Structures are given as structure tokens and as C-alpha cells.
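Structure data (PDB, C-alpha atoms) from my_file23.pdb:
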ATOM      1  CA  MET X   1       0.019  -3.544  16.879
ATOM      2  CA  PRO X   2      -1.303  -0.066  16.055
ATOM      3  CA  PHE X   3      -2.101   0.744  12.438
ATOM      4  CA  LYS X   4      -2.246   4.209  10.905
ATOM      5  CA  PRO X   5      -4.268   5.170   7.805
ATOM      6  CA  CYS X   6      -2.105   5.622   4.714
ATOM      7  CA  GLY X   7      -4.507   5.604   1.765
ATOM      8  CA  LYS X   8      -7.562   3.940   0.264
ATOM      9  CA  ILE X   9      -8.728   1.417  -2.327
ATOM     10  CA  GLU X  10     -11.431   2.479  -4.792
ATOM     11  CA  LYS X  11     -13.171   0.836  -7.719
ATOM     12  CA  VAL X  12     -12.445   2.559 -11.038
ATOM     13  CA  HIS X  13     -14.248   0.981 -13.990
ATOM     14  CA  ASP X  14     -13.815  -2.740 -13.163
ATOM     15  CA  ALA X  15     -10.331  -2.441 -11.628
ATOM     16  CA  LEU X  16      -9.192  -1.444  -8.143
ATOM     17  CA  GLN X  17      -7.228   1.777  -7.777
ATOM     18  CA  VAL X  18      -4.877   1.875  -4.790
ATOM     19  CA  GLN X  19      -4.197   5.399  -3.526
ATOM     20  CA  VAL X  20      -1.162   5.557  -1.234
ATOM     21  CA  ASP X  21      -0.193   8.761   0.545
ATOM     22  CA  GLY X  22       3.101  10.037  -0.874
ATOM     23  CA  TRP X  23       3.093   7.893  -4.057
ATOM     24  CA  THR X  24       3.917  10.123  -7.040
ATOM     25  CA  LEU X  25       5.001   7.802  -9.881
ATOM     26  CA  GLY X  26       1.519   7.325 -11.293
ATOM     27  CA  THR X  27      -1.752   5.616 -10.499
ATOM     28  CA  LEU X  28      -1.550   2.252  -8.699
ATOM     29  CA  VAL X  29      -3.955  -0.325 -10.140
ATOM     30  CA  ILE X  30      -4.981  -3.938  -9.527
ATOM     31  CA  ALA X  31      -6.226  -5.141 -12.927
ATOM     32  CA  ALA X  32      -9.862  -6.162 -13.320
ATOM     33  CA  GLY X  33      -8.837  -9.654 -14.456
ATOM     34  CA  ASP X  34      -6.751 -10.159 -11.308
ATOM     35  CA  ILE X  35      -9.465  -9.312  -8.773
ATOM     36  CA  SER X  36     -11.073 -12.766  -8.838
ATOM     37  CA  LYS X  37      -7.629 -14.361  -8.463
ATOM     38  CA  LEU X  38      -6.922 -12.093  -5.483
ATOM     39  CA  LEU X  39     -10.190 -13.016  -3.788
ATOM     40  CA  LYS X  40      -9.349 -16.718  -4.238
ATOM     41  CA  GLY X  41      -6.060 -16.225  -2.375
ATOM     42  CA  ARG X  42      -3.512 -15.895  -5.176
ATOM     43  CA  ALA X  43      -0.897 -13.156  -5.219
ATOM     44  CA  VAL X  44      -1.467 -10.607  -7.988
ATOM     45  CA  ASN X  45       0.563  -7.706  -9.354
ATOM     46  CA  VAL X  46      -0.069  -4.092  -8.485
ATOM     47  CA  ASN X  47       0.917  -1.949 -11.461
ATOM     48  CA  PHE X  48       1.468   1.767 -11.831
ATOM     49  CA  VAL X  49       0.093   3.635 -14.820
ATOM     50  CA  GLN X  50       1.667   6.878 -16.032
ATOM     51  CA  GLN X  51      -0.251   9.073 -18.461
ATOM     52  CA  ARG X  52       2.098  11.105 -20.648
ATOM     53  CA  PRO X  53       0.831  13.909 -22.883
ATOM     54  CA  GLY X  54       0.944  12.886 -26.546
ATOM     55  CA  ARG X  55       2.075   9.322 -25.772
ATOM     56  CA  GLU X  56       0.630   5.969 -24.827
ATOM     57  CA  ALA X  57       0.138   5.205 -21.161
ATOM     58  CA  PHE X  58       3.134   3.495 -19.549
ATOM     59  CA  VAL X  59       2.379   0.512 -17.298
ATOM     60  CA  GLY X  60       5.016  -0.755 -14.867
ATOM     61  CA  TYR X  61       5.299  -3.157 -11.938
ATOM     62  CA  ALA X  62       4.907  -1.589  -8.479
ATOM     63  CA  GLY X  63       4.280  -4.484  -6.068
ATOM     64  CA  THR X  64       1.936  -7.297  -5.076
ATOM     65  CA  ALA X  65      -1.424  -7.815  -3.398
ATOM     66  CA  VAL X  66      -2.486 -10.998  -1.590
ATOM     67  CA  LEU X  67      -4.966 -12.088   1.076
ATOM     68  CA  SER X  68      -3.630 -12.184   4.624
ATOM     69  CA  ARG X  69      -3.003 -15.501   6.390
ATOM     70  CA  SER X  70      -6.290 -15.164   8.259
ATOM     71  CA  GLY X  71      -8.116 -14.415   5.005
ATOM     72  CA  ARG X  72      -9.767 -11.325   6.518
ATOM     73  CA  ALA X  73      -7.595  -8.642   4.898
ATOM     74  CA  VAL X  74      -5.905  -7.724   1.644
ATOM     75  CA  ASN X  75      -2.176  -7.077   2.056
ATOM     76  CA  VAL X  76      -0.580  -4.727  -0.465
ATOM     77  CA  LYS X  77       3.208  -4.521  -0.673
ATOM     78  CA  ILE X  78       4.648  -1.613  -2.643
ATOM     79  CA  GLU X  79       8.455  -1.442  -2.622
ATOM     80  CA  ALA X  80       9.307  -2.249   1.028
ATOM     81  CA  ARG X  81       6.053  -0.839   2.419
ATOM     82  CA  LEU X  82       3.354  -3.224   3.681
ATOM     83  CA  MET X  83      -0.235  -1.979   3.854
ATOM     84  CA  THR X  84      -3.495  -3.733   4.620
ATOM     85  CA  ALA X  85      -7.204  -3.216   3.970
ATOM     86  CA  PRO X  86     -10.080  -5.193   5.520
ATOM     87  CA  LEU X  87     -11.417  -7.765   3.048
ATOM     88  CA  ALA X  88     -15.028  -6.967   4.009
ATOM     89  CA  GLN X  89     -14.500  -3.330   2.981
ATOM     90  CA  VAL X  90     -12.830  -4.320  -0.305
ATOM     91  CA  GLN X  91     -15.748  -6.642  -1.112
ATOM     92  CA  LYS X  92     -18.219  -3.825  -0.389
ATOM     93  CA  VAL X  93     -16.258  -1.546  -2.726
ATOM     94  CA  LEU X  94     -16.414  -4.195  -5.456
ATOM     95  CA  ALA X  95     -20.177  -4.614  -4.926
ATOM     96  CA  GLY X  96     -20.731  -0.835  -5.083
ATOM     97  CA  GLN X  97     -21.969  -0.610  -1.482
ATOM     98  CA  GLN X  98     -19.035   1.514  -0.295
ATOM     99  CA  LEU X  99     -16.943   4.184  -2.030
ATOM    100  CA  ALA X 100     -13.531   3.239  -0.640
ATOM    101  CA  ALA X 101     -11.758   0.770   1.627
ATOM    102  CA  ARG X 102      -9.352   2.143   4.243
ATOM    103  CA  LEU X 103      -5.702   1.231   3.657
ATOM    104  CA  SER X 104      -3.512   1.163   6.780
ATOM    105  CA  SER X 105       0.102   0.403   7.596
ATOM    106  CA  PRO X 106       1.638  -0.843  10.843
ATOM    107  CA  ALA X 107       3.599   1.586  12.956
ATOM    108  CA  PRO X 108       7.364   1.381  12.392
ATOM    109  CA  VAL X 109       9.351  -0.871  14.713
ATOM    110  CA  ILE X 110      11.848   1.000  16.850
ATOM    111  CA  ASP X 111      15.308  -0.542  17.062
ATOM    112  CA  ALA X 112      16.007  -0.097  20.794
ATOM    113  CA  ASP X 113      19.611  -1.311  20.520
ATOM    114  CA  ARG X 114      20.454   1.353  17.941
ATOM    115  CA  VAL X 115      18.755   4.064  20.000
ATOM    116  CA  GLN X 116      20.673   3.075  23.130
ATOM    117  CA  ARG X 117      24.050   3.123  21.315
ATOM    118  CA  VAL X 118      23.727   6.859  20.629
ATOM    119  CA  ALA X 119      25.731   8.933  23.107
ATOM    120  CA  ILE X 120      23.645  10.682  25.730
ATOM    121  CA  ASP X 121      25.028  14.084  24.726
ATOM    122  CA  ALA X 122      24.606  13.560  20.955
ATOM    123  CA  GLY X 123      23.244  16.652  19.270
ATOM    124  CA  LEU X 124      24.137  19.080  22.061
ATOM    125  CA  VAL X 125      26.030  22.246  21.264
ATOM    126  CA  ARG X 126      29.550  21.777  22.662
ATOM    127  CA  GLY X 127      30.973  25.233  22.072
ATOM    128  CA  PHE X 128      29.959  28.828  22.490
TER     129      PHE X 128
END

Do you think you could lay out the structure here as C-alpha cells?
Amino acid sequence: MPFKPCGKIEKVHDALQVQVDGWTLGTLVIAAGDISKLLKGRAVNVNFVQQRPGREAFVGYAGTAVLSRSGRAVNVKIEARLMTAPLAQVQKVLAGQQLAARLSSPAPVIDADRVQRVAIDAGLVRGF
């Protein structure tokens, strides 16, 4: 299954910041206290943080992060979008040996039945 790059995971202070292409609601963060739980195989929350001028930061729930079944990747699920990063890269980011871990998502699955139901002349101009 082909994967395409869609963001990166970086270490900010002691937490992990997840940068996803197209995400605009704030900064996605895996809390520093949850990183050890994540590396042990437990599912942890991914939160978004919004900085508002003159107000406290707002923290909300965005999704989850968990190790893959093989234990060789970190799977991040935000809304209905599944993304993955190699565990070796995430560990290097945590150790300070690498700046960022590549975050990728699988290519979308094409529904062949739906595509074949569309009329062959759909979208053609029928009049002059």
C-alpha cells in the first residue's frame, strides 16, 4: 500500500508536536506525560492547543495515538484520518538525534463499484 507524506512529528520542550498538512484549528500535541505510555503500547490522546490573544490557551481533544500492531510505527488518528510515523524515527526525535519524524497517510481507497455506476457520458455537454 503506497503512503504519501502528510506532515511531521517534532519534539517541542518535552512534548511531541504533530504537524499535519491542512490542520488549522491549532497546534496538535502529545503531552510529555503521555509519551512513556505511548511507547509502552497504550493509546494516548492527541490534543489541540489554541492560543488566543489576551486569554488563556484553550486545549481540546483532537484524536488518539497508539503503536501499530507490529510495534514498529506510531499510528495517529485525527478525526477520520489515519497517519503513521516510523517508531525508530520518533525515538530518534525524542533522543534529540533527529529533528523530525515523517508522518505519512495511506492512499485513499477507490470504490470501483461507485465509479462504474456513473454513466459513461456523465459530465459531457449535451447541448449547443

Kindly give the distance, in Å, that separates CA of Val20 (chain X) and CA of Cys6 (chain X), rounded to a single decimal.
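Value for the CA of Val20 (chain X)-CA of Cys6 (chain X) distance: 6.0 Å.
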
Please, what distance in Å, to one decimal, runs between CA of Gln97 (chain X) and CA of Ala65 (chain X)?
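Computing the Euclidean distance for CA of Gln97 (chain X) and CA of Ala65 (chain X) yields 21.9 Å.
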
Interatomic distance between CA of Asp14 (chain X) and CA of Val46 (chain X)?
14.6 Å

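The closest residue to Leu28 (chain X), picked from X:Ala95, X:Ala62, X:Ala101, X:Leu124 and counting only C-alpha atoms, is X:Ala62.
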
Starting from the PyMOL selection byres ((chain X and resi 86-94) around 12), expand the selection into actual residues of this file and give them as a PDB file with C-alpha atoms, keeping the file's coordinate frame.
ATOM      1  CA  LYS X   8      -7.562   3.940   0.264  1.00  0.00           C
ATOM      2  CA  ILE X   9      -8.728   1.417  -2.327  1.00  0.00           C
ATOM      3  CA  GLU X  10     -11.431   2.479  -4.792  1.00  0.00           C
ATOM      4  CA  LYS X  11     -13.171   0.836  -7.719  1.00  0.00           C
ATOM      5  CA  VAL X  12     -12.445   2.559 -11.038  1.00  0.00           C
ATOM      6  CA  HIS X  13     -14.248   0.981 -13.990  1.00  0.00           C
ATOM      7  CA  ASP X  14     -13.815  -2.740 -13.163  1.00  0.00           C
ATOM      8  CA  ALA X  15     -10.331  -2.441 -11.628  1.00  0.00           C
ATOM      9  CA  LEU X  16      -9.192  -1.444  -8.143  1.00  0.00           C
ATOM     10  CA  GLN X  17      -7.228   1.777  -7.777  1.00  0.00           C
ATOM     11  CA  VAL X  18      -4.877   1.875  -4.790  1.00  0.00           C
ATOM     12  CA  ALA X  32      -9.862  -6.162 -13.320  1.00  0.00           C
ATOM     13  CA  ILE X  35      -9.465  -9.312  -8.773  1.00  0.00           C
ATOM     14  CA  SER X  36     -11.073 -12.766  -8.838  1.00  0.00           C
ATOM     15  CA  LEU X  38      -6.922 -12.093  -5.483  1.00  0.00           C
ATOM     16  CA  LEU X  39     -10.190 -13.016  -3.788  1.00  0.00           C
ATOM     17  CA  LYS X  40      -9.349 -16.718  -4.238  1.00  0.00           C
ATOM     18  CA  GLY X  41      -6.060 -16.225  -2.375  1.00  0.00           C
ATOM     19  CA  ALA X  65      -1.424  -7.815  -3.398  1.00  0.00           C
ATOM     20  CA  VAL X  66      -2.486 -10.998  -1.590  1.00  0.00           C
ATOM     21  CA  LEU X  67      -4.966 -12.088   1.076  1.00  0.00           C
ATOM     22  CA  SER X  68      -3.630 -12.184   4.624  1.00  0.00           C
ATOM     23  CA  ARG X  69      -3.003 -15.501   6.390  1.00  0.00           C
ATOM     24  CA  SER X  70      -6.290 -15.164   8.259  1.00  0.00           C
ATOM     25  CA  GLY X  71      -8.116 -14.415   5.005  1.00  0.00           C
ATOM     26  CA  ARG X  72      -9.767 -11.325   6.518  1.00  0.00           C
ATOM     27  CA  ALA X  73      -7.595  -8.642   4.898  1.00  0.00           C
ATOM     28  CA  VAL X  74      -5.905  -7.724   1.644  1.00  0.00           C
ATOM     29  CA  ASN X  75      -2.176  -7.077   2.056  1.00  0.00           C
ATOM     30  CA  VAL X  76      -0.580  -4.727  -0.465  1.00  0.00           C
ATOM     31  CA  MET X  83      -0.235  -1.979   3.854  1.00  0.00           C
ATOM     32  CA  THR X  84      -3.495  -3.733   4.620  1.00  0.00           C
ATOM     33  CA  ALA X  85      -7.204  -3.216   3.970  1.00  0.00           C
ATOM     34  CA  ALA X  95     -20.177  -4.614  -4.926  1.00  0.00           C
ATOM     35  CA  GLY X  96     -20.731  -0.835  -5.083  1.00  0.00           C
ATOM     36  CA  GLN X  97     -21.969  -0.610  -1.482  1.00  0.00           C
ATOM     37  CA  GLN X  98     -19.035   1.514  -0.295  1.00  0.00           C
ATOM     38  CA  LEU X  99     -16.943   4.184  -2.030  1.00  0.00           C
ATOM     39  CA  ALA X 100     -13.531   3.239  -0.640  1.00  0.00           C
ATOM     40  CA  ALA X 101     -11.758   0.770   1.627  1.00  0.00           C
ATOM     41  CA  ARG X 102      -9.352   2.143   4.243  1.00  0.00           C
ATOM     42  CA  LEU X 103      -5.702   1.231   3.657  1.00  0.00           C
ATOM     43  CA  SER X 104      -3.512   1.163   6.780  1.00  0.00           C
ATOM     44  CA  SER X 105       0.102   0.403   7.596  1.00  0.00           C
TER      45      SER X 105
END

I'd like the neighbourhood of Val49 (chain X) as a ChimeraX atom specification, where a residue qualifies if any of its atoms comes within 12 Å (using all atoms listed in the file), though same-chain residues fewer than 5 positions away should be ignored.
/X:17-18,23-31,56-62

Output C-alpha atoms of each residue in that selection to a file, as a compact mmCIF listing (two decimals), in the coordinates of the input.
# COMPACT_ATOMS: atom_id res chain seq x y z
CA GLN X 17 -7.23 1.78 -7.78
CA VAL X 18 -4.88 1.88 -4.79
CA TRP X 23 3.09 7.89 -4.06
CA THR X 24 3.92 10.12 -7.04
CA LEU X 25 5.00 7.80 -9.88
CA GLY X 26 1.52 7.32 -11.29
CA THR X 27 -1.75 5.62 -10.50
CA LEU X 28 -1.55 2.25 -8.70
CA VAL X 29 -3.96 -0.32 -10.14
CA ILE X 30 -4.98 -3.94 -9.53
CA ALA X 31 -6.23 -5.14 -12.93
CA GLU X 56 0.63 5.97 -24.83
CA ALA X 57 0.14 5.20 -21.16
CA PHE X 58 3.13 3.50 -19.55
CA VAL X 59 2.38 0.51 -17.30
CA GLY X 60 5.02 -0.76 -14.87
CA TYR X 61 5.30 -3.16 -11.94
CA ALA X 62 4.91 -1.59 -8.48

Residue nearest Ala107 (chain X) among X:Gly22, X:Ile120, X:Arg81, X:Gln51 (counting only C-alpha atoms)
X:Arg81

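Using only C-alpha atoms, the nearest neighbour of Ile78 (chain X) within the list X:Asp113, X:Asp34, X:Asp121, X:Asp21 is X:Asp21.
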